[in-house]
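S.K.: Sharing structure_37.cif (mmCIF, N, CA and C atoms and all ligand atoms) below.
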data_target
loop_
_atom_site.label_atom_id
_atom_site.label_comp_id
_atom_site.auth_asym_id
_atom_site.auth_seq_id
_atom_site.Cartn_x
_atom_site.Cartn_y
_atom_site.Cartn_z
N MET A 1 -7.91 11.54 -14.34
CA MET A 1 -7.00 11.02 -13.32
C MET A 1 -5.90 10.19 -13.98
N SER A 2 -4.68 10.39 -13.56
CA SER A 2 -3.58 9.64 -14.16
C SER A 2 -3.57 8.21 -13.60
N HIS A 3 -2.87 7.38 -14.28
CA HIS A 3 -2.73 5.98 -13.87
C HIS A 3 -2.17 5.89 -12.45
N LYS A 4 -1.18 6.73 -12.16
CA LYS A 4 -0.59 6.75 -10.82
C LYS A 4 -1.60 7.13 -9.76
N GLU A 5 -2.42 8.13 -10.07
CA GLU A 5 -3.42 8.58 -9.11
C GLU A 5 -4.45 7.50 -8.82
N ILE A 6 -4.81 6.74 -9.86
CA ILE A 6 -5.75 5.64 -9.66
C ILE A 6 -5.13 4.60 -8.73
N ILE A 7 -3.88 4.28 -8.96
CA ILE A 7 -3.20 3.30 -8.11
C ILE A 7 -3.15 3.80 -6.66
N LYS A 8 -2.81 5.07 -6.51
CA LYS A 8 -2.76 5.67 -5.18
C LYS A 8 -4.10 5.55 -4.47
N GLN A 9 -5.15 5.83 -5.23
CA GLN A 9 -6.49 5.79 -4.66
C GLN A 9 -6.87 4.37 -4.25
N ILE A 10 -6.52 3.40 -5.08
CA ILE A 10 -6.83 2.01 -4.76
C ILE A 10 -6.11 1.61 -3.47
N LEU A 11 -4.86 2.06 -3.32
CA LEU A 11 -4.06 1.63 -2.17
C LEU A 11 -4.28 2.49 -0.93
N SER A 12 -5.08 3.54 -1.05
CA SER A 12 -5.18 4.51 0.04
C SER A 12 -5.87 3.95 1.29
N ASP A 13 -6.55 2.81 1.18
CA ASP A 13 -7.20 2.25 2.36
C ASP A 13 -6.24 1.46 3.24
N GLY A 14 -4.98 1.30 2.78
CA GLY A 14 -3.98 0.64 3.61
C GLY A 14 -4.06 -0.87 3.59
N ARG A 15 -5.04 -1.41 2.86
CA ARG A 15 -5.15 -2.85 2.79
C ARG A 15 -4.34 -3.39 1.62
N TRP A 16 -4.07 -4.70 1.66
CA TRP A 16 -3.34 -5.33 0.56
C TRP A 16 -4.24 -5.44 -0.65
N HIS A 17 -3.68 -5.11 -1.82
CA HIS A 17 -4.41 -5.26 -3.07
C HIS A 17 -3.57 -6.10 -4.02
N CYS A 18 -4.19 -7.13 -4.56
CA CYS A 18 -3.51 -8.00 -5.51
C CYS A 18 -3.23 -7.22 -6.79
N ILE A 19 -2.06 -7.45 -7.37
CA ILE A 19 -1.71 -6.80 -8.64
C ILE A 19 -2.78 -7.07 -9.70
N GLN A 20 -3.39 -8.24 -9.62
CA GLN A 20 -4.41 -8.60 -10.59
C GLN A 20 -5.62 -7.67 -10.49
N SER A 21 -6.06 -7.36 -9.27
CA SER A 21 -7.21 -6.45 -9.16
C SER A 21 -6.83 -5.03 -9.54
N ILE A 22 -5.56 -4.64 -9.30
CA ILE A 22 -5.10 -3.31 -9.73
C ILE A 22 -5.13 -3.23 -11.26
N ILE A 23 -4.68 -4.30 -11.90
CA ILE A 23 -4.69 -4.32 -13.37
C ILE A 23 -6.12 -4.27 -13.90
N ILE A 24 -7.02 -4.99 -13.24
CA ILE A 24 -8.42 -4.98 -13.68
C ILE A 24 -9.00 -3.57 -13.53
N GLU A 25 -8.71 -2.91 -12.41
CA GLU A 25 -9.27 -1.57 -12.17
C GLU A 25 -8.65 -0.49 -13.04
N THR A 26 -7.36 -0.62 -13.34
CA THR A 26 -6.70 0.46 -14.10
C THR A 26 -6.61 0.13 -15.58
N GLY A 27 -6.69 -1.15 -15.90
CA GLY A 27 -6.55 -1.55 -17.29
C GLY A 27 -5.10 -1.59 -17.78
N HIS A 28 -4.18 -1.39 -16.86
CA HIS A 28 -2.76 -1.42 -17.22
C HIS A 28 -1.99 -2.26 -16.22
N SER A 29 -0.84 -2.69 -16.62
CA SER A 29 0.08 -3.29 -15.67
C SER A 29 0.54 -2.19 -14.72
N ALA A 30 0.66 -2.50 -13.45
CA ALA A 30 0.95 -1.44 -12.48
C ALA A 30 2.37 -1.48 -11.95
N ARG A 31 3.07 -2.54 -12.26
CA ARG A 31 4.37 -2.75 -11.65
C ARG A 31 5.34 -1.60 -11.87
N ASN A 32 5.41 -1.13 -13.12
CA ASN A 32 6.34 -0.04 -13.43
C ASN A 32 5.94 1.25 -12.73
N ARG A 33 4.62 1.53 -12.72
CA ARG A 33 4.14 2.74 -12.05
C ARG A 33 4.48 2.67 -10.56
N ILE A 34 4.28 1.50 -9.96
CA ILE A 34 4.55 1.36 -8.53
C ILE A 34 6.03 1.57 -8.24
N SER A 35 6.90 1.04 -9.08
CA SER A 35 8.32 1.26 -8.78
C SER A 35 8.70 2.71 -9.02
N GLU A 36 8.08 3.37 -10.00
CA GLU A 36 8.32 4.81 -10.18
C GLU A 36 7.89 5.61 -8.95
N MET A 37 6.72 5.25 -8.42
CA MET A 37 6.22 5.95 -7.23
C MET A 37 7.13 5.72 -6.03
N ASN A 38 7.67 4.52 -5.91
CA ASN A 38 8.60 4.23 -4.82
C ASN A 38 9.91 4.98 -4.98
N ILE A 39 10.40 5.08 -6.19
CA ILE A 39 11.65 5.80 -6.43
C ILE A 39 11.45 7.28 -6.07
N ALA A 40 10.31 7.86 -6.51
CA ALA A 40 10.03 9.26 -6.22
C ALA A 40 9.88 9.50 -4.72
N SER A 41 9.19 8.58 -4.05
CA SER A 41 8.95 8.74 -2.63
C SER A 41 10.24 8.58 -1.83
N GLU A 42 11.08 7.67 -2.26
CA GLU A 42 12.35 7.47 -1.56
C GLU A 42 13.24 8.69 -1.71
N LYS A 43 13.19 9.30 -2.87
CA LYS A 43 13.96 10.52 -3.11
C LYS A 43 13.44 11.65 -2.23
N ALA A 44 12.12 11.74 -2.11
CA ALA A 44 11.50 12.85 -1.39
C ALA A 44 11.63 12.70 0.13
N ASN A 45 11.40 11.51 0.66
CA ASN A 45 11.45 11.40 2.14
C ASN A 45 12.14 10.14 2.65
N GLY A 46 12.89 9.48 1.78
CA GLY A 46 13.66 8.32 2.21
C GLY A 46 12.84 7.09 2.54
N LYS A 47 11.58 7.11 2.19
CA LYS A 47 10.72 5.96 2.49
C LYS A 47 10.01 5.48 1.24
N LEU A 48 9.74 4.19 1.21
CA LEU A 48 8.96 3.65 0.11
C LEU A 48 7.49 4.02 0.31
N ALA A 49 6.82 4.36 -0.77
CA ALA A 49 5.40 4.70 -0.68
C ALA A 49 4.54 3.44 -0.64
N ILE A 50 5.00 2.42 -1.33
CA ILE A 50 4.18 1.22 -1.51
C ILE A 50 5.02 0.00 -1.20
N GLU A 51 4.48 -0.89 -0.39
CA GLU A 51 5.22 -2.12 -0.15
C GLU A 51 4.54 -3.28 -0.85
N GLY A 52 5.34 -4.25 -1.23
CA GLY A 52 4.83 -5.40 -1.96
C GLY A 52 5.24 -6.69 -1.30
N ALA A 53 4.44 -7.72 -1.49
CA ALA A 53 4.75 -9.05 -0.98
C ALA A 53 4.06 -10.05 -1.90
N PRO A 54 4.58 -11.27 -1.94
CA PRO A 54 3.91 -12.28 -2.77
C PRO A 54 2.46 -12.42 -2.34
N CYS A 55 1.55 -12.49 -3.32
CA CYS A 55 0.13 -12.50 -3.01
C CYS A 55 -0.27 -13.80 -2.32
N ASP A 56 -0.84 -13.64 -1.11
CA ASP A 56 -1.39 -14.81 -0.41
C ASP A 56 -2.79 -14.48 0.08
N ILE A 57 -3.45 -13.58 -0.64
CA ILE A 57 -4.81 -13.17 -0.29
C ILE A 57 -5.74 -14.38 -0.39
N GLU A 58 -6.62 -14.50 0.59
CA GLU A 58 -7.54 -15.64 0.63
C GLU A 58 -8.32 -15.78 -0.66
N GLY A 59 -8.38 -16.99 -1.16
CA GLY A 59 -9.13 -17.24 -2.38
C GLY A 59 -8.32 -17.05 -3.65
N HIS A 60 -7.12 -16.47 -3.52
CA HIS A 60 -6.26 -16.28 -4.68
C HIS A 60 -5.29 -17.45 -4.78
N SER A 61 -5.28 -18.09 -5.90
CA SER A 61 -4.22 -19.07 -6.10
C SER A 61 -3.68 -18.86 -7.50
N HIS A 62 -2.61 -18.09 -7.59
CA HIS A 62 -2.02 -17.73 -8.87
C HIS A 62 -0.97 -18.75 -9.26
N LYS A 63 -0.98 -19.08 -10.51
CA LYS A 63 0.08 -19.97 -10.99
C LYS A 63 1.37 -19.18 -11.10
N ALA A 64 1.24 -17.94 -11.57
CA ALA A 64 2.42 -17.08 -11.66
C ALA A 64 2.71 -16.49 -10.28
N ASN A 65 3.90 -15.98 -10.11
CA ASN A 65 4.31 -15.39 -8.85
C ASN A 65 3.84 -13.94 -8.80
N LEU A 66 2.58 -13.73 -8.44
CA LEU A 66 2.02 -12.38 -8.42
C LEU A 66 2.21 -11.74 -7.06
N PHE A 67 2.25 -10.42 -7.08
CA PHE A 67 2.47 -9.66 -5.85
C PHE A 67 1.20 -8.94 -5.42
N LYS A 68 1.14 -8.68 -4.15
CA LYS A 68 0.10 -7.80 -3.61
C LYS A 68 0.81 -6.54 -3.11
N TYR A 69 0.07 -5.44 -3.08
CA TYR A 69 0.68 -4.15 -2.72
C TYR A 69 -0.19 -3.41 -1.72
N ARG A 70 0.45 -2.60 -0.91
CA ARG A 70 -0.31 -1.72 -0.02
C ARG A 70 0.48 -0.44 0.25
N ASN A 71 -0.23 0.53 0.73
CA ASN A 71 0.36 1.80 1.11
C ASN A 71 1.27 1.58 2.32
N ALA A 72 2.56 1.77 2.15
CA ALA A 72 3.52 1.44 3.20
C ALA A 72 3.43 2.40 4.38
N GLN A 73 2.90 3.57 4.16
CA GLN A 73 2.88 4.56 5.24
C GLN A 73 1.58 4.55 6.04
N HIS A 74 0.66 3.70 5.64
CA HIS A 74 -0.64 3.66 6.31
C HIS A 74 -0.50 3.12 7.73
N ASP A 75 0.23 2.04 7.88
CA ASP A 75 0.43 1.41 9.19
C ASP A 75 1.08 2.35 10.18
N GLU A 76 2.02 3.11 9.66
CA GLU A 76 2.75 4.03 10.50
C GLU A 76 1.80 5.06 11.13
N LYS A 77 0.87 5.53 10.32
CA LYS A 77 -0.12 6.48 10.80
C LYS A 77 -0.94 5.85 11.92
N GLU A 78 -1.35 4.61 11.69
CA GLU A 78 -2.13 3.88 12.69
C GLU A 78 -1.33 3.70 13.97
N TYR A 79 -0.05 3.44 13.79
CA TYR A 79 0.82 3.21 14.94
C TYR A 79 0.89 4.47 15.80
N TYR A 80 1.04 5.60 15.16
CA TYR A 80 1.11 6.84 15.93
C TYR A 80 -0.21 7.15 16.63
N LEU A 81 -1.30 6.88 15.95
CA LEU A 81 -2.61 7.11 16.56
C LEU A 81 -2.78 6.22 17.78
N GLN A 82 -2.35 4.98 17.65
CA GLN A 82 -2.47 4.03 18.73
C GLN A 82 -1.65 4.50 19.93
N THR A 83 -0.43 4.91 19.67
CA THR A 83 0.44 5.39 20.73
C THR A 83 -0.19 6.59 21.42
N PHE A 84 -0.78 7.43 20.61
CA PHE A 84 -1.44 8.62 21.13
C PHE A 84 -2.59 8.24 22.06
N ASP A 85 -3.38 7.26 21.63
CA ASP A 85 -4.48 6.77 22.46
C ASP A 85 -3.97 6.19 23.77
N GLU A 86 -2.87 5.46 23.70
CA GLU A 86 -2.31 4.87 24.90
C GLU A 86 -1.85 5.95 25.87
N LEU A 87 -1.25 6.97 25.34
CA LEU A 87 -0.77 8.07 26.18
C LEU A 87 -1.93 8.77 26.88
N ILE A 88 -3.00 8.98 26.12
CA ILE A 88 -4.18 9.63 26.70
C ILE A 88 -4.77 8.72 27.77
N GLY A 89 -4.86 7.43 27.48
CA GLY A 89 -5.38 6.45 28.43
C GLY A 89 -4.61 6.49 29.73
N GLU A 90 -3.29 6.61 29.64
CA GLU A 90 -2.44 6.62 30.83
C GLU A 90 -2.67 7.87 31.67
N SER A 91 -2.89 8.96 30.99
CA SER A 91 -3.02 10.21 31.75
C SER A 91 -4.38 10.27 32.47
N ILE A 92 -5.35 9.48 31.96
CA ILE A 92 -6.68 9.49 32.61
C ILE A 92 -6.69 8.59 33.84
N THR A 93 -6.07 7.40 33.73
CA THR A 93 -6.11 6.46 34.86
C THR A 93 -5.16 6.84 35.99
ZN ZN A 101 -3.74 -12.30 -5.80
#
Could I get this file's structure written as structure tokens?
M.R.:
Amino acid sequence: MSHKEIIKQILSDGRWHCIQSIIIETGHSARNRISEMNIASEKANGKLAIEGAPCDIEGHSHKANLFKYRNAQHDEKEYYLQTFDELIGESIT
């Protein structure tokens, strides 16, 4: 499995992952890979594949300004499913 595929797999649950845990799991710095994946994804469908934010995960207190990352398209999928459920709910009542 390539480094990119490992990162993808880690982020596939849609939850935020601290860069530190990504580095521990992959053994490499992930920042460059993540920006490469975003550049490729933006070229392919105009959307970022991965979103980042300063890490504020509970229990993490980094001295350095570390980022957390998640699959940017995961929420969107959930949003559509939710809308779909609401539509079905409306048609039943
Ligand atoms: Zn963190």
S.K.: Per residue of chain A within 6.5 Å of ligand ZN 101 (chain A), which atom pair is closest and at what distance in Å (one decimal), using only N, CA and C atoms and all ligand atoms, listed by chain and increasing number, as a Markdown table?
M.R.:
| residue | atom | partner | partner_atom | distance |
| --- | --- | --- | --- | --- |
| A:His17 | C | A:ZN101 | ZN | 6.5 |
| A:Cys18 | CA | A:ZN101 | ZN | 4.3 |
| A:Ile19 | N | A:ZN101 | ZN | 5.4 |
| A:Gln20 | N | A:ZN101 | ZN | 5.6 |
| A:Ser21 | N | A:ZN101 | ZN | 6.5 |
| A:Cys55 | CA | A:ZN101 | ZN | 4.8 |
| A:Asp56 | N | A:ZN101 | ZN | 5.7 |
| A:Ile57 | N | A:ZN101 | ZN | 5.3 |
| A:His60 | CA | A:ZN101 | ZN | 4.8 |
| A:Ser61 | N | A:ZN101 | ZN | 6.0 |
| A:His62 | N | A:ZN101 | ZN | 6.2 |
| A:Leu66 | C | A:ZN101 | ZN | 6.1 |
| A:Phe67 | C | A:ZN101 | ZN | 6.0 |
| A:Lys68 | N | A:ZN101 | ZN | 6.3 |
S.K.: Considering only C-alpha atoms, state which residue in the set A:Asp13, A:Thr26, A:Asn65, A:Ala72 is at the smallest distance from Glu42 in chain A.
M.R.: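 Closest residue, counting only C-alpha atoms: A:Ala72.
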S.K.: Fewer than 5 positions away in the same chain doesn't count, so skip those; otherwise give me all residues within 12 Å of Arg15 in chain A, counting only C-alpha atoms, as a tab-separated table (two decimals) with N, CA and C atoms, keeping the file's coordinate frame.
M.R.:
chain	number	residue	atom	x	y	z
A	8	LYS	N	-2.81	5.07	-6.51
A	8	LYS	CA	-2.76	5.67	-5.18
A	8	LYS	C	-4.10	5.55	-4.47
A	9	GLN	N	-5.15	5.83	-5.23
A	9	GLN	CA	-6.49	5.79	-4.66
A	9	GLN	C	-6.87	4.37	-4.25
A	10	ILE	N	-6.52	3.40	-5.08
A	10	ILE	CA	-6.83	2.01	-4.76
A	10	ILE	C	-6.11	1.61	-3.47
A	50	ILE	N	5.00	2.42	-1.33
A	50	ILE	CA	4.18	1.22	-1.51
A	50	ILE	C	5.02	0.00	-1.20
A	51	GLU	N	4.48	-0.89	-0.39
A	51	GLU	CA	5.22	-2.12	-0.15
A	51	GLU	C	4.54	-3.28	-0.85
A	52	GLY	N	5.34	-4.25	-1.23
A	52	GLY	CA	4.83	-5.40	-1.96
A	52	GLY	C	5.24	-6.69	-1.30
A	57	ILE	N	-3.45	-13.58	-0.64
A	57	ILE	CA	-4.81	-13.17	-0.29
A	57	ILE	C	-5.74	-14.38	-0.39
A	68	LYS	N	1.14	-8.68	-4.15
A	68	LYS	CA	0.10	-7.80	-3.61
A	68	LYS	C	0.81	-6.54	-3.11
A	69	TYR	N	0.07	-5.44	-3.08
A	69	TYR	CA	0.68	-4.15	-2.72
A	69	TYR	C	-0.19	-3.41	-1.72
A	70	ARG	N	0.45	-2.60	-0.91
A	70	ARG	CA	-0.31	-1.72	-0.02
A	70	ARG	C	0.48	-0.44	0.25
A	71	ASN	N	-0.23	0.53	0.73
A	71	ASN	CA	0.36	1.80	1.11
A	71	ASN	C	1.27	1.58	2.32
A	72	ALA	N	2.56	1.77	2.15
A	72	ALA	CA	3.52	1.44	3.20
A	72	ALA	C	3.43	2.40	4.38
A	73	GLN	N	2.90	3.57	4.16
A	73	GLN	CA	2.88	4.56	5.24
A	73	GLN	C	1.58	4.55	6.04
A	74	HIS	N	0.66	3.70	5.64
A	74	HIS	CA	-0.64	3.66	6.31
A	74	HIS	C	-0.50	3.12	7.73
A	75	ASP	N	0.23	2.04	7.88
A	75	ASP	CA	0.43	1.41	9.19
A	75	ASP	C	1.08	2.35	10.18
S.K.: Mind pulling up the distance from CA of Glu25 in chain A to CA of Ile7 in chain A?
M.R.: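 Between CA of Ile7 in chain A and CA of Glu25 in chain A the gap is 8.8 Å.
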S.K.: What is the CA of Ile34 in chain A to atom C of Leu48 in chain A distance in Å?
M.R.: 9.7 Å
S.K.: Using CA of Met37 in chain A and atom C of Lys4 in chain A as the two end points, give the distance in Å to one decimal.
M.R.: 8.3 Å
S.K.: From a DSSP calculation on the backbone, collect every residue of range 2-82 of chain A in helix (DSSP H, G or I) and output the set as an mmCIF file with N, CA and C atoms, in the frame of the given file.
M.R.:
data_model
loop_
_atom_site.group_PDB
_atom_site.id
_atom_site.type_symbol
_atom_site.label_atom_id
_atom_site.label_comp_id
_atom_site.auth_asym_id
_atom_site.auth_seq_id
_atom_site.Cartn_x
_atom_site.Cartn_y
_atom_site.Cartn_z
ATOM 1 N N HIS A 3 -2.870 7.380 -14.280
ATOM 2 C CA HIS A 3 -2.730 5.980 -13.870
ATOM 3 C C HIS A 3 -2.170 5.890 -12.450
ATOM 4 N N LYS A 4 -1.180 6.730 -12.160
ATOM 5 C CA LYS A 4 -0.590 6.750 -10.820
ATOM 6 C C LYS A 4 -1.600 7.130 -9.760
ATOM 7 N N GLU A 5 -2.420 8.130 -10.070
ATOM 8 C CA GLU A 5 -3.420 8.580 -9.110
ATOM 9 C C GLU A 5 -4.450 7.500 -8.820
ATOM 10 N N ILE A 6 -4.810 6.740 -9.860
ATOM 11 C CA ILE A 6 -5.750 5.640 -9.660
ATOM 12 C C ILE A 6 -5.130 4.600 -8.730
ATOM 13 N N ILE A 7 -3.880 4.280 -8.960
ATOM 14 C CA ILE A 7 -3.200 3.300 -8.110
ATOM 15 C C ILE A 7 -3.150 3.800 -6.660
ATOM 16 N N LYS A 8 -2.810 5.070 -6.510
ATOM 17 C CA LYS A 8 -2.760 5.670 -5.180
ATOM 18 C C LYS A 8 -4.100 5.550 -4.470
ATOM 19 N N GLN A 9 -5.150 5.830 -5.230
ATOM 20 C CA GLN A 9 -6.490 5.790 -4.660
ATOM 21 C C GLN A 9 -6.870 4.370 -4.250
ATOM 22 N N ILE A 10 -6.520 3.400 -5.080
ATOM 23 C CA ILE A 10 -6.830 2.010 -4.760
ATOM 24 C C ILE A 10 -6.110 1.610 -3.470
ATOM 25 N N LEU A 11 -4.860 2.060 -3.320
ATOM 26 C CA LEU A 11 -4.060 1.630 -2.170
ATOM 27 C C LEU A 11 -4.280 2.490 -0.930
ATOM 28 N N ILE A 19 -2.060 -7.450 -7.370
ATOM 29 C CA ILE A 19 -1.710 -6.800 -8.640
ATOM 30 C C ILE A 19 -2.780 -7.070 -9.700
ATOM 31 N N GLN A 20 -3.390 -8.240 -9.620
ATOM 32 C CA GLN A 20 -4.410 -8.600 -10.590
ATOM 33 C C GLN A 20 -5.620 -7.670 -10.490
ATOM 34 N N SER A 21 -6.060 -7.360 -9.270
ATOM 35 C CA SER A 21 -7.210 -6.450 -9.160
ATOM 36 C C SER A 21 -6.830 -5.030 -9.540
ATOM 37 N N ILE A 22 -5.560 -4.640 -9.300
ATOM 38 C CA ILE A 22 -5.100 -3.310 -9.730
ATOM 39 C C ILE A 22 -5.130 -3.230 -11.260
ATOM 40 N N ILE A 23 -4.680 -4.300 -11.900
ATOM 41 C CA ILE A 23 -4.690 -4.320 -13.370
ATOM 42 C C ILE A 23 -6.120 -4.270 -13.900
ATOM 43 N N ILE A 24 -7.020 -4.990 -13.240
ATOM 44 C CA ILE A 24 -8.420 -4.980 -13.680
ATOM 45 C C ILE A 24 -9.000 -3.570 -13.530
ATOM 46 N N GLU A 25 -8.710 -2.910 -12.410
ATOM 47 C CA GLU A 25 -9.270 -1.570 -12.170
ATOM 48 C C GLU A 25 -8.650 -0.490 -13.040
ATOM 49 N N THR A 26 -7.360 -0.620 -13.340
ATOM 50 C CA THR A 26 -6.700 0.460 -14.100
ATOM 51 C C THR A 26 -6.610 0.130 -15.580
ATOM 52 N N ARG A 31 3.070 -2.540 -12.260
ATOM 53 C CA ARG A 31 4.370 -2.750 -11.650
ATOM 54 C C ARG A 31 5.340 -1.600 -11.870
ATOM 55 N N ASN A 32 5.410 -1.130 -13.120
ATOM 56 C CA ASN A 32 6.340 -0.040 -13.430
ATOM 57 C C ASN A 32 5.940 1.250 -12.730
ATOM 58 N N ARG A 33 4.620 1.530 -12.720
ATOM 59 C CA ARG A 33 4.140 2.740 -12.050
ATOM 60 C C ARG A 33 4.480 2.670 -10.560
ATOM 61 N N ILE A 34 4.280 1.500 -9.960
ATOM 62 C CA ILE A 34 4.550 1.360 -8.530
ATOM 63 C C ILE A 34 6.030 1.570 -8.240
ATOM 64 N N SER A 35 6.900 1.040 -9.080
ATOM 65 C CA SER A 35 8.320 1.260 -8.780
ATOM 66 C C SER A 35 8.700 2.710 -9.020
ATOM 67 N N GLU A 36 8.080 3.370 -10.000
ATOM 68 C CA GLU A 36 8.320 4.810 -10.180
ATOM 69 C C GLU A 36 7.890 5.610 -8.950
ATOM 70 N N MET A 37 6.720 5.250 -8.420
ATOM 71 C CA MET A 37 6.220 5.950 -7.230
ATOM 72 C C MET A 37 7.130 5.720 -6.030
ATOM 73 N N ASN A 38 7.670 4.520 -5.910
ATOM 74 C CA ASN A 38 8.600 4.230 -4.820
ATOM 75 C C ASN A 38 9.910 4.980 -4.980
ATOM 76 N N ILE A 39 10.400 5.080 -6.190
ATOM 77 C CA ILE A 39 11.650 5.800 -6.430
ATOM 78 C C ILE A 39 11.450 7.280 -6.070
ATOM 79 N N ALA A 40 10.310 7.860 -6.510
ATOM 80 C CA ALA A 40 10.030 9.260 -6.220
ATOM 81 C C ALA A 40 9.880 9.500 -4.720
ATOM 82 N N SER A 41 9.190 8.580 -4.050
ATOM 83 C CA SER A 41 8.950 8.740 -2.630
ATOM 84 C C SER A 41 10.240 8.580 -1.830
ATOM 85 N N GLU A 42 11.080 7.670 -2.260
ATOM 86 C CA GLU A 42 12.350 7.470 -1.560
ATOM 87 C C GLU A 42 13.240 8.690 -1.710
ATOM 88 N N LYS A 43 13.190 9.300 -2.870
ATOM 89 C CA LYS A 43 13.960 10.520 -3.110
ATOM 90 C C LYS A 43 13.440 11.650 -2.230
ATOM 91 N N ALA A 44 12.120 11.740 -2.110
ATOM 92 C CA ALA A 44 11.500 12.850 -1.390
ATOM 93 C C ALA A 44 11.630 12.700 0.130
ATOM 94 N N ASN A 45 11.400 11.510 0.660
ATOM 95 C CA ASN A 45 11.450 11.400 2.140
ATOM 96 C C ASN A 45 12.140 10.140 2.650
ATOM 97 N N HIS A 74 0.660 3.700 5.640
ATOM 98 C CA HIS A 74 -0.640 3.660 6.310
ATOM 99 C C HIS A 74 -0.500 3.120 7.730
ATOM 100 N N ASP A 75 0.230 2.040 7.880
ATOM 101 C CA ASP A 75 0.430 1.410 9.190
ATOM 102 C C ASP A 75 1.080 2.350 10.180
ATOM 103 N N GLU A 76 2.020 3.110 9.660
ATOM 104 C CA GLU A 76 2.750 4.030 10.500
ATOM 105 C C GLU A 76 1.800 5.060 11.130
ATOM 106 N N LYS A 77 0.870 5.530 10.320
ATOM 107 C CA LYS A 77 -0.120 6.480 10.800
ATOM 108 C C LYS A 77 -0.940 5.850 11.920
ATOM 109 N N GLU A 78 -1.350 4.610 11.690
ATOM 110 C CA GLU A 78 -2.130 3.880 12.690
ATOM 111 C C GLU A 78 -1.330 3.700 13.970
ATOM 112 N N TYR A 79 -0.050 3.440 13.790
ATOM 113 C CA TYR A 79 0.820 3.210 14.940
ATOM 114 C C TYR A 79 0.890 4.470 15.800
ATOM 115 N N TYR A 80 1.040 5.600 15.160
ATOM 116 C CA TYR A 80 1.110 6.840 15.930
ATOM 117 C C TYR A 80 -0.210 7.150 16.630
ATOM 118 N N LEU A 81 -1.300 6.880 15.950
ATOM 119 C CA LEU A 81 -2.610 7.110 16.560
ATOM 120 C C LEU A 81 -2.780 6.220 17.780
ATOM 121 N N GLN A 82 -2.350 4.980 17.650
ATOM 122 C CA GLN A 82 -2.470 4.030 18.730
ATOM 123 C C GLN A 82 -1.650 4.500 19.930
#
